[in-house]
$ cat input_21.cif   # mmCIF, C-alpha atoms
data_my_file
#
loop_
_atom_site.label_atom_id
_atom_site.label_comp_id
_atom_site.auth_asym_id
_atom_site.auth_seq_id
_atom_site.Cartn_x
_atom_site.Cartn_y
_atom_site.Cartn_z
CA MET A 519 100.89 97.76 69.15
CA LYS A 520 99.98 95.69 72.19
CA LYS A 521 96.37 94.49 72.12
CA ILE A 522 94.67 94.45 75.51
CA LEU A 523 91.41 92.83 76.60
CA ILE A 524 89.98 93.84 79.98
CA ILE A 525 87.60 91.21 81.35
CA GLY A 526 85.16 93.16 83.53
CA GLY A 527 85.51 96.51 81.77
CA SER A 528 82.21 97.85 83.11
CA GLY A 529 83.26 97.58 86.77
CA PHE A 530 84.97 100.29 88.82
CA ILE A 531 88.55 99.02 88.37
CA GLY A 532 88.05 97.60 84.87
CA ASN A 533 86.51 100.79 83.48
CA ALA A 534 89.24 102.98 85.02
CA LEU A 535 91.85 100.71 83.42
CA TYR A 536 90.11 101.01 80.04
CA LYS A 537 90.19 104.83 80.28
CA GLU A 538 93.87 104.80 81.29
CA LEU A 539 95.07 102.35 78.60
CA ASN A 540 92.81 103.09 75.62
CA SER A 541 94.85 106.06 74.34
CA TYR A 542 98.11 104.10 74.39
CA PHE A 543 97.18 100.56 73.35
CA ASP A 544 94.65 98.75 71.17
CA THR A 545 92.31 98.24 74.12
CA TYR A 546 89.07 96.23 74.35
CA ALA A 547 86.82 95.32 77.26
CA THR A 548 83.85 93.19 78.25
CA TYR A 549 80.62 94.13 80.00
CA ARG A 550 77.76 91.93 81.18
CA THR A 551 74.56 93.94 81.67
CA ASP A 552 72.85 95.66 78.71
CA ASN A 553 74.25 99.17 78.42
CA PRO A 554 73.61 101.50 75.44
CA ALA A 555 76.94 103.35 75.90
CA PHE A 556 78.95 100.12 75.78
CA GLU A 557 76.84 98.75 72.90
CA LYS A 558 77.75 101.82 70.80
CA ASN A 559 81.45 101.46 71.63
CA GLN A 560 82.95 99.09 69.05
CA LYS A 561 85.64 98.08 71.56
CA PHE A 562 83.27 96.66 74.17
CA PHE A 563 81.92 93.12 73.94
CA GLN A 564 78.97 91.78 75.90
CA TYR A 565 80.05 88.65 77.80
CA ASP A 566 78.28 86.60 80.47
CA MET A 567 80.76 84.23 82.09
CA GLU A 568 77.93 82.05 83.45
CA LEU A 569 76.61 81.34 79.94
CA GLU A 570 79.49 81.87 77.49
CA ASP A 571 82.95 80.45 76.83
CA ILE A 572 85.58 83.22 76.98
CA SER A 573 87.79 81.20 74.58
CA ILE A 574 85.58 82.23 71.62
CA LEU A 575 86.25 85.94 72.26
CA LEU A 576 89.96 85.24 72.83
CA ASP A 577 90.19 83.33 69.51
CA ASN A 578 88.54 86.22 67.66
CA LEU A 579 90.47 89.04 69.32
CA ARG A 580 93.84 87.37 70.03
CA PRO A 581 94.95 89.85 72.74
CA THR A 582 98.59 90.08 73.82
CA TYR A 583 97.47 91.07 77.33
CA ILE A 584 94.35 89.93 79.19
CA ILE A 585 93.51 91.89 82.34
CA SER A 586 91.10 90.14 84.69
CA ALA A 587 89.09 92.64 86.75
CA ILE A 588 85.85 90.67 86.66
CA ARG A 589 83.47 90.15 89.57
CA GLY A 590 80.53 87.81 90.12
CA ASN A 591 79.84 84.13 90.74
CA PHE A 592 83.02 82.49 92.07
CA ASN A 593 82.50 79.13 90.31
CA ALA A 594 81.89 80.85 86.98
CA GLN A 595 85.00 82.99 87.53
CA LEU A 596 87.11 79.92 88.29
CA ASP A 597 85.89 78.25 85.10
CA ALA A 598 86.55 81.40 83.01
CA HIS A 599 90.08 81.76 84.43
CA GLN A 600 90.86 78.09 83.75
CA ARG A 601 89.83 78.65 80.13
CA ILE A 602 91.97 81.83 79.91
CA ILE A 603 94.96 79.96 81.37
CA GLN A 604 94.55 77.13 78.85
CA TRP A 605 94.34 79.71 76.04
CA ILE A 606 97.46 81.71 77.00
CA LYS A 607 99.48 78.48 77.23
CA THR A 608 99.28 78.14 73.44
CA HIS A 609 99.27 81.82 72.41
CA GLN A 610 101.61 84.82 72.63
CA SER A 611 99.62 86.28 75.48
CA LYS A 612 99.82 86.90 79.21
CA LEU A 613 97.29 87.43 82.00
CA ILE A 614 97.31 90.27 84.52
CA PHE A 615 95.16 89.06 87.40
CA ILE A 616 93.80 91.66 89.83
CA SER A 617 94.04 89.81 93.13
CA SER A 618 93.51 90.97 96.71
CA ALA A 619 95.22 91.49 100.06
CA ASN A 620 92.65 88.96 101.34
CA VAL A 621 94.83 86.09 100.13
CA PHE A 622 96.71 86.72 103.39
CA ASP A 623 93.77 87.31 105.73
CA ALA A 624 94.60 84.28 107.89
CA PHE A 625 97.96 85.86 108.82
CA SER A 626 97.47 88.66 111.30
CA ASN A 627 100.81 89.33 113.00
CA TYR A 628 102.66 91.16 110.24
CA PRO A 629 102.29 92.69 106.75
CA SER A 630 102.66 90.35 103.78
CA TYR A 631 105.25 90.48 100.98
CA GLU A 632 105.10 89.18 97.40
CA TYR A 633 106.49 85.69 97.93
CA ASP A 634 105.04 84.98 101.37
CA LYS A 635 102.82 81.91 101.56
CA THR A 636 99.14 82.70 101.03
CA LEU A 637 96.50 81.54 103.52
CA SER A 638 92.96 82.82 103.93
CA ASP A 639 90.07 82.36 106.34
CA SER A 640 87.57 84.02 103.97
CA VAL A 641 85.69 82.50 101.02
CA TYR A 642 86.80 85.48 98.90
CA GLY A 643 90.48 85.09 99.85
CA ARG A 644 90.47 81.33 99.19
CA PHE A 645 88.86 81.88 95.80
CA LYS A 646 91.59 84.37 94.80
CA ILE A 647 94.27 81.92 96.02
CA LYS A 648 92.87 79.18 93.74
CA ILE A 649 93.34 81.37 90.67
CA GLU A 650 96.76 82.57 91.85
CA ASN A 651 97.93 78.97 92.34
CA ALA A 652 96.75 77.99 88.85
CA LEU A 653 98.66 80.95 87.39
CA MET A 654 101.83 80.16 89.31
CA ARG A 655 102.03 76.79 87.56
CA LEU A 656 102.69 78.70 84.33
CA PRO A 657 106.08 80.11 83.30
CA THR A 658 106.53 83.47 85.09
CA HIS A 659 106.54 85.48 81.86
CA LYS A 660 102.95 84.37 81.26
CA TYR A 661 101.37 86.21 84.19
CA VAL A 662 101.28 89.14 86.57
CA ILE A 663 99.49 88.76 89.90
CA ALA A 664 98.63 92.26 91.14
CA ARG A 665 97.57 92.08 94.78
CA VAL A 666 95.55 95.14 95.66
CA PRO A 667 94.30 96.42 99.03
CA MET A 668 91.20 98.65 99.44
CA VAL A 669 90.87 101.02 96.46
CA PHE A 670 89.62 104.57 96.91
CA GLY A 671 88.84 107.51 94.65
CA SER A 672 86.11 110.14 94.30
CA ASN A 673 83.75 107.70 92.53
CA ALA A 674 84.89 104.50 94.28
CA PRO A 675 82.12 102.18 95.54
CA ARG A 676 83.54 102.41 99.08
CA ILE A 677 83.26 106.22 99.00
CA GLN A 678 79.72 106.08 97.60
CA GLU A 679 78.79 103.68 100.41
CA ILE A 680 80.28 105.97 103.10
CA LYS A 681 78.37 108.97 101.68
CA THR A 682 75.11 106.99 101.48
CA LEU A 683 75.40 105.68 105.04
CA HIS A 684 76.11 109.23 106.25
CA GLU A 685 73.05 110.62 104.43
CA LEU A 686 70.90 107.89 106.01
CA HIS A 687 72.40 108.60 109.47
CA ALA A 688 73.42 104.95 109.48
CA PRO A 689 76.61 103.70 111.17
CA ILE A 690 79.81 103.29 109.15
CA GLU A 691 81.61 100.09 110.17
CA ILE A 692 85.22 100.48 111.23
CA PHE A 693 87.71 97.90 112.52
CA PRO A 694 89.81 99.58 115.22
CA ASN A 695 92.30 96.69 115.50
CA VAL A 696 93.02 96.27 111.78
CA ILE A 697 96.24 97.77 110.36
CA LEU A 698 96.23 98.02 106.57
CA ASN A 699 97.32 99.88 103.51
CA ALA A 700 95.22 101.21 100.65
CA THR A 701 95.51 102.73 97.19
CA SER A 702 93.78 105.16 94.84
CA ILE A 703 92.22 104.14 91.55
CA SER A 704 94.34 106.66 89.61
CA LYS A 705 97.60 105.29 91.02
CA LEU A 706 96.52 101.68 90.47
CA THR A 707 95.79 102.30 86.78
CA GLN A 708 99.17 104.06 86.35
CA GLN A 709 100.91 101.09 87.98
CA ILE A 710 99.21 98.56 85.67
CA HIS A 711 100.09 100.80 82.69
CA TYR A 712 103.75 100.73 83.75
CA ILE A 713 103.68 96.93 84.25
CA ILE A 714 102.41 96.52 80.66
CA ASN A 715 104.81 99.09 79.19
CA ARG A 716 107.83 97.48 80.79
CA SER A 717 106.66 93.89 80.19
CA LYS A 718 106.92 93.11 83.90
CA LYS A 719 106.15 89.65 85.23
CA GLY A 720 105.48 87.87 88.52
CA ILE A 721 103.80 89.17 91.67
CA PHE A 722 103.27 92.84 92.59
CA HIS A 723 101.91 94.37 95.78
CA LEU A 724 100.19 97.60 94.79
CA GLY A 725 99.34 99.32 98.07
CA SER A 726 100.46 102.46 99.88
CA THR A 727 104.01 102.43 101.26
CA ASP A 728 102.84 103.14 104.82
CA LEU A 729 100.27 101.51 107.11
CA TYR A 730 97.24 102.95 108.90
CA TYR A 731 94.63 101.75 111.36
CA HIS A 732 91.33 101.19 109.56
CA PHE A 733 89.56 103.52 112.03
CA ASP A 734 92.01 106.38 111.37
CA LEU A 735 91.80 105.88 107.61
CA ILE A 736 87.99 106.00 107.45
CA LYS A 737 87.80 108.86 109.98
CA GLU A 738 90.26 110.96 107.94
CA ILE A 739 88.37 110.15 104.73
CA CYS A 740 85.14 111.38 106.39
CA ASP A 741 86.96 114.58 107.46
CA THR A 742 88.26 115.09 103.91
CA LEU A 743 84.74 114.60 102.52
CA GLU A 744 83.54 117.14 105.11
CA LEU A 745 80.89 114.77 106.45
CA GLN A 746 79.37 116.27 109.60
CA ASP A 747 79.21 114.03 112.70
CA PRO A 748 79.47 110.61 111.03
CA ILE A 749 78.32 107.66 113.15
CA PHE A 750 80.91 104.90 113.52
CA LYS A 751 80.22 101.32 114.53
CA GLN A 752 83.38 99.79 115.95
CA VAL A 753 83.74 96.10 115.07
CA TYR A 754 86.28 94.12 117.08
CA ASP A 755 87.09 90.83 115.34
CA SER A 756 90.00 90.15 117.70
CA ASN A 757 91.48 91.49 120.93
CA ASN A 758 94.85 92.20 119.33
CA ASP A 759 96.01 94.37 116.46
CA ARG A 760 95.96 92.46 113.20
CA TYR A 761 97.53 93.27 109.85
CA LEU A 762 95.85 93.09 106.45
CA ALA A 763 98.52 94.82 104.40
CA VAL A 764 100.45 93.99 101.23
CA LEU A 765 103.88 95.60 100.95
CA PRO A 766 106.47 95.23 98.15
CA LYS A 767 109.94 93.86 98.82
CA ASP A 768 111.12 92.12 95.63
CA ASN A 769 109.13 93.93 92.94
CA LYS A 770 109.21 97.60 93.91
CA LEU A 771 107.92 100.18 91.45
CA PRO A 772 109.67 103.53 90.76
CA LYS A 773 109.16 106.32 93.31
CA ASN A 774 106.69 108.23 91.10
CA LEU A 775 104.45 105.15 91.04
CA GLN A 776 104.39 104.71 94.81
CA ILE A 777 101.68 106.24 96.97
CA THR A 778 101.26 107.20 100.63
CA THR A 779 98.07 106.73 102.64
CA GLN A 780 97.77 110.52 102.90
CA GLU A 781 97.67 110.72 99.09
CA VAL A 782 95.00 107.98 99.07
CA ILE A 783 92.90 110.04 101.50
CA THR A 784 93.31 113.17 99.33
CA SER A 785 92.21 111.19 96.24
CA VAL A 786 88.65 110.86 97.51
CA VAL A 787 87.88 114.47 96.54
CA ILE A 788 89.95 114.69 93.32
CA GLN A 789 87.88 114.14 90.18
#
$ encode --input "input_21.cif" --output "structure tokens"
Amino acid sequence: MKKILIIGGSGFIGNALYKELNSYFDTYATYRTDNPAFEKNQKFFQYDMELEDISILLDNLRPTYIISAIRGNFNAQLDAHQRIIQWIKTHQSKLIFISSANVFDAFSNYPSYEYDKTLSDSVYGRFKIKIENALMRLPTHKYVIARVPMVFGSNAPRIQEIKTLHELHAPIEIFPNVILNATSISKLTQQIHYIINRSKKGIFHLGSTDLYYHFDLIKEICDTLELQDPIFKQVYDSNNDRYLAVLPKDNKLPKNLQITTQEVITSVVIQ
């Protein structure tokens, strides 16, 4: 049985992945902040990347798959990923790295495909590129880079934020010129499950198959949530339309694992 370790198993994506994979694989996860529920669960390990060396946990657990869904201090993350990369070089193990559409945020004229050159104007995007580049120096069978756009779902942080802003009668920021794609947490976890099951390798773009304006996406999500008279603050970061979308060309998943933006919108009310 494949043994999986999810780094960042207490976060939104990491915890959803744990719930999806735990019934099928020997699945473990890490959490940082004290949490009685995780402490009772024998498959969760407390780990603080700013204070501890991940190699010790890897030596003890010897996972065949490591999924990185961790958040936090960028320098500490870089150090942890360098240690993971060194470890998988000498073990029968591979890393699935949850990356971001932001690795392309300096390109604005078209959507991005798996093997397009990465370039970012943001600190977050450049940080993700550093880890991607380190991974791409390994043999391809040693890694999966899963580039993910905005992730939605009924309990997604973005949805909680929209609901909170609405309750406070505060404006919800929207970018009228940005064209993007998105995904749902349930589809993302199914896609990662498939990637593990089929021993896939390389780079995957895990977003919806169609593109939407950010304004239309958020407006339709508010309609679906039945939020009355939401206040929108339109933010124009350029005069022209700009793309922040990751589409698959080389590594397409089966039809049942693809998702449309309309399905993403519907997912915000499905428990």
$ residues_around --input "input_21.cif" --residues "segment 580-594 of chain A" --least-positions-apart "2" --cutoff "7 Å" --atoms "only C-alpha atoms" --output "list in words"
Lys520, Lys521, Ile522, Leu523, Ile524, Ile525, Gly526, Ile531, Gly532, Met567, Glu568, Leu576, Asp577, Asn578, Leu596, Asp597, Ala598, Gln610, Ser611, Lys612, Leu613, Ile614, Phe615, Ile616 and Phe645 of chain A
$ write_last_selection --input "input_21.cif" --atoms "C-alpha atoms" --output "short mmCIF file (atom, residue, chain, number, x, y, z; two decimals), in the frame of the given file"
data_model
loop_
_atom_site.label_atom_id
_atom_site.label_comp_id
_atom_site.auth_asym_id
_atom_site.auth_seq_id
_atom_site.Cartn_x
_atom_site.Cartn_y
_atom_site.Cartn_z
CA LYS A 520 99.98 95.69 72.19
CA LYS A 521 96.37 94.49 72.12
CA ILE A 522 94.67 94.45 75.51
CA LEU A 523 91.41 92.83 76.60
CA ILE A 524 89.98 93.84 79.98
CA ILE A 525 87.60 91.21 81.35
CA GLY A 526 85.16 93.16 83.53
CA ILE A 531 88.55 99.02 88.37
CA GLY A 532 88.05 97.60 84.87
CA MET A 567 80.76 84.23 82.09
CA GLU A 568 77.93 82.05 83.45
CA LEU A 576 89.96 85.24 72.83
CA ASP A 577 90.19 83.33 69.51
CA ASN A 578 88.54 86.22 67.66
CA LEU A 596 87.11 79.92 88.29
CA ASP A 597 85.89 78.25 85.10
CA ALA A 598 86.55 81.40 83.01
CA GLN A 610 101.61 84.82 72.63
CA SER A 611 99.62 86.28 75.48
CA LYS A 612 99.82 86.90 79.21
CA LEU A 613 97.29 87.43 82.00
CA ILE A 614 97.31 90.27 84.52
CA PHE A 615 95.16 89.06 87.40
CA ILE A 616 93.80 91.66 89.83
CA PHE A 645 88.86 81.88 95.80
#
$ residues_around --input "input_21.cif" --residues "segment 733-750 of chain A" --least-positions-apart "5" --cutoff "12 Å" --atoms "all atoms listed in the file" --output "MDAnalysis selection string"
chainID A and resid 668 670:672 676:701 728 778:788
$ atom_distance --input "input_21.cif" --atom1 "atom CA of Ile663 of chain A" --atom2 "atom CA of Asp759 of chain A"
27.4 Å
$ closest_residue --input "input_21.cif" --among "A:Ala664, A:Ile602, A:Ile649, A:Val621" --to "Leu762 of chain A" --atoms "all atoms listed in the file"
A:Val621
$ atom_distance --input "input_21.cif" --atom1 "atom CA of Lys718 of chain A" --atom2 "atom CA of Asn620 of chain A"
22.9 Å
$ resolve_selection --input "input_21.cif" --expression "the PyMOL selection byres ((chain A and resi 776) around 9)" --output "mmCIF file with C-alpha atoms, in the frame of the given file"
data_model
loop_
_atom_site.group_PDB
_atom_site.id
_atom_site.type_symbol
_atom_site.label_atom_id
_atom_site.label_comp_id
_atom_site.auth_asym_id
_atom_site.auth_seq_id
_atom_site.Cartn_x
_atom_site.Cartn_y
_atom_site.Cartn_z
ATOM 1 C CA LYS A 705 97.600 105.290 91.020
ATOM 2 C CA GLN A 709 100.910 101.090 87.980
ATOM 3 C CA LEU A 724 100.190 97.600 94.790
ATOM 4 C CA GLY A 725 99.340 99.320 98.070
ATOM 5 C CA SER A 726 100.460 102.460 99.880
ATOM 6 C CA THR A 727 104.010 102.430 101.260
ATOM 7 C CA LYS A 770 109.210 97.600 93.910
ATOM 8 C CA LEU A 771 107.920 100.180 91.450
ATOM 9 C CA PRO A 772 109.670 103.530 90.760
ATOM 10 C CA LYS A 773 109.160 106.320 93.310
ATOM 11 C CA ASN A 774 106.690 108.230 91.100
ATOM 12 C CA LEU A 775 104.450 105.150 91.040
ATOM 13 C CA ILE A 777 101.680 106.240 96.970
ATOM 14 C CA THR A 778 101.260 107.200 100.630
#
$ residues_around --input "input_21.cif" --residues "Lys537 of chain A" --least-positions-apart "5" --cutoff "12 Å" --atoms "only C-alpha atoms" --output "number ranges by chain"
A: 524, 527-532, 542-547, 561, 703-704, 707-708, 711
$ atom_distance --input "input_21.cif" --atom1 "atom CA of Glu632 of chain A" --atom2 "atom CA of Val662 of chain A"
11.5 Å
$ resolve_selection --input "input_21.cif" --expression "the PyMOL selection byres ((chain A and resi 552) around 12)" --output "ChimeraX atom specification"
/A:528,548-551,553-558,562-566
$ write_last_selection --input "input_21.cif" --atoms "C-alpha atoms" --output "PDB file, keeping the file's coordinate frame"
ATOM      1  CA  SER A 528      82.210  97.850  83.110  1.00  0.00           C
ATOM      2  CA  THR A 548      83.850  93.190  78.250  1.00  0.00           C
ATOM      3  CA  TYR A 549      80.620  94.130  80.000  1.00  0.00           C
ATOM      4  CA  ARG A 550      77.760  91.930  81.180  1.00  0.00           C
ATOM      5  CA  THR A 551      74.560  93.940  81.670  1.00  0.00           C
ATOM      6  CA  ASN A 553      74.250  99.170  78.420  1.00  0.00           C
ATOM      7  CA  PRO A 554      73.610 101.500  75.440  1.00  0.00           C
ATOM      8  CA  ALA A 555      76.940 103.350  75.900  1.00  0.00           C
ATOM      9  CA  PHE A 556      78.950 100.120  75.780  1.00  0.00           C
ATOM     10  CA  GLU A 557      76.840  98.750  72.900  1.00  0.00           C
ATOM     11  CA  LYS A 558      77.750 101.820  70.800  1.00  0.00           C
ATOM     12  CA  PHE A 562      83.270  96.660  74.170  1.00  0.00           C
ATOM     13  CA  PHE A 563      81.920  93.120  73.940  1.00  0.00           C
ATOM     14  CA  GLN A 564      78.970  91.780  75.900  1.00  0.00           C
ATOM     15  CA  TYR A 565      80.050  88.650  77.800  1.00  0.00           C
ATOM     16  CA  ASP A 566      78.280  86.600  80.470  1.00  0.00           C
TER      17      ASP A 566
END
$ residues_near_point --input "input_21.cif" --point "(102.5, 81.4, 80.3)" --cutoff "9 Å" --atoms "all atoms listed in the file" --output "PyMOL selection string"
chain A and resi 603+606-613+653+655-661
$ write_last_selection --input "input_21.cif" --atoms "C-alpha atoms" --output "short mmCIF file (atom, residue, chain, number, x, y, z; two decimals), in the coordinates of the input"
data_model
loop_
_atom_site.label_atom_id
_atom_site.label_comp_id
_atom_site.auth_asym_id
_atom_site.auth_seq_id
_atom_site.Cartn_x
_atom_site.Cartn_y
_atom_site.Cartn_z
CA ILE A 603 94.96 79.96 81.37
CA ILE A 606 97.46 81.71 77.00
CA LYS A 607 99.48 78.48 77.23
CA THR A 608 99.28 78.14 73.44
CA HIS A 609 99.27 81.82 72.41
CA GLN A 610 101.61 84.82 72.63
CA SER A 611 99.62 86.28 75.48
CA LYS A 612 99.82 86.90 79.21
CA LEU A 613 97.29 87.43 82.00
CA LEU A 653 98.66 80.95 87.39
CA ARG A 655 102.03 76.79 87.56
CA LEU A 656 102.69 78.70 84.33
CA PRO A 657 106.08 80.11 83.30
CA THR A 658 106.53 83.47 85.09
CA HIS A 659 106.54 85.48 81.86
CA LYS A 660 102.95 84.37 81.26
CA TYR A 661 101.37 86.21 84.19
#
$ residues_around --input "input_21.cif" --residues "Tyr631 of chain A" --least-positions-apart "5" --cutoff "8 Å" --atoms "all atoms listed in the file" --output "list in words"
His723, Val764, Leu765, Pro766 and Lys767 of chain A
$ resolve_selection --input "input_21.cif" --expression "the PyMOL selection byres ((chain A and resi 624) around 12)" --output "list in words"
Ala619, Asn620, Val621, Phe622, Asp623, Phe625, Ser626, Asn627, Tyr628, Pro629, Ser630, Lys635, Thr636, Leu637, Ser638, Asp639, Ser640, Val641, Tyr642, Gly643, Arg644, Arg760, Tyr761, Leu762 and Ala763 of chain A
$ closest_residue --input "input_21.cif" --among "A:Asn559, A:Ser756, A:Pro675, A:Ser618" --to "Ile647 of chain A" --atoms "only C-alpha atoms"
A:Ser618
$ closest_residue --input "input_21.cif" --among "A:Asn769, A:Gln752, A:Ser541, A:Arg601" --to "Ile713 of chain A" --atoms "only C-alpha atoms"
A:Asn769
$ closest_residue --input "input_21.cif" --among "A:Arg665, A:Leu706, A:His732, A:Asp768" --to "Val753 of chain A" --atoms "only C-alpha atoms"
A:His732
$ closest_residue --input "input_21.cif" --among "A:Met654, A:Leu535, A:Met519, A:Ala674" --to "Ile721 of chain A" --atoms "all atoms listed in the file"
A:Met654
$ build_atoms --input "input_21.cif" --residues "segment 747-770 of chain A" --atoms "N, CA and C atoms" --output "CSV table (one decimal), in the frame of the given file"
chain,number,residue,atom,x,y,z
A,747,ASP,N,79.6,115.0,111.6
A,747,ASP,CA,79.2,114.0,112.7
A,747,ASP,C,78.9,112.6,112.2
A,748,PRO,N,79.8,112.0,111.5
A,748,PRO,CA,79.5,110.6,111.0
A,748,PRO,C,79.3,109.7,112.2
A,749,ILE,N,78.5,108.6,112.1
A,749,ILE,CA,78.3,107.7,113.2
A,749,ILE,C,79.2,106.4,112.8
A,750,PHE,N,80.0,106.1,113.8
A,750,PHE,CA,80.9,104.9,113.5
A,750,PHE,C,80.5,103.7,114.4
A,751,LYS,N,80.5,102.6,113.8
A,751,LYS,CA,80.2,101.3,114.5
A,751,LYS,C,81.5,100.6,114.6
A,752,GLN,N,82.1,100.4,115.8
A,752,GLN,CA,83.4,99.8,116.0
A,752,GLN,C,83.2,98.3,116.0
A,753,VAL,N,83.9,97.6,115.1
A,753,VAL,CA,83.7,96.1,115.1
A,753,VAL,C,85.1,95.5,115.5
A,754,TYR,N,85.1,94.8,116.6
A,754,TYR,CA,86.3,94.1,117.1
A,754,TYR,C,86.2,92.6,116.7
A,755,ASP,N,87.1,92.2,115.7
A,755,ASP,CA,87.1,90.8,115.3
A,755,ASP,C,88.2,90.1,116.0
A,756,SER,N,89.0,90.8,116.8
A,756,SER,CA,90.0,90.2,117.7
A,756,SER,C,90.4,91.1,118.8
A,757,ASN,N,91.1,90.6,119.8
A,757,ASN,CA,91.5,91.5,120.9
A,757,ASN,C,92.8,92.2,120.6
A,758,ASN,N,93.5,91.7,119.7
A,758,ASN,CA,94.8,92.2,119.3
A,758,ASN,C,94.8,92.9,118.0
A,759,ASP,N,95.8,93.8,117.8
A,759,ASP,CA,96.0,94.4,116.5
A,759,ASP,C,96.3,93.3,115.4
A,760,ARG,N,95.7,93.4,114.3
A,760,ARG,CA,96.0,92.5,113.2
A,760,ARG,C,96.2,93.2,111.9
A,761,TYR,N,97.1,92.6,111.1
A,761,TYR,CA,97.5,93.3,109.8
A,761,TYR,C,96.8,92.7,108.7
A,762,LEU,N,96.3,93.5,107.8
A,762,LEU,CA,95.8,93.1,106.4
A,762,LEU,C,96.5,94.0,105.4
A,763,ALA,N,97.8,93.9,105.2
A,763,ALA,CA,98.5,94.8,104.4
A,763,ALA,C,99.5,94.1,103.5
A,764,VAL,N,99.5,94.6,102.2
A,764,VAL,CA,100.4,94.0,101.2
A,764,VAL,C,101.5,95.0,100.9
A,765,LEU,N,102.8,94.7,101.2
A,765,LEU,CA,103.9,95.6,101.0
A,765,LEU,C,104.9,95.0,100.0
A,766,PRO,N,105.5,95.8,99.1
A,766,PRO,CA,106.5,95.2,98.2
A,766,PRO,C,107.9,95.1,98.8
A,767,LYS,N,108.5,94.0,98.4
A,767,LYS,CA,109.9,93.9,98.8
A,767,LYS,C,110.8,93.5,97.6
A,768,ASP,N,110.3,92.6,96.8
A,768,ASP,CA,111.1,92.1,95.6
A,768,ASP,C,110.8,92.9,94.4
A,769,ASN,N,109.5,93.3,94.2
A,769,ASN,CA,109.1,93.9,92.9
A,769,ASN,C,108.7,95.3,93.2
A,770,LYS,N,109.6,96.2,93.6
A,770,LYS,CA,109.2,97.6,93.9
A,770,LYS,C,109.1,98.4,92.6
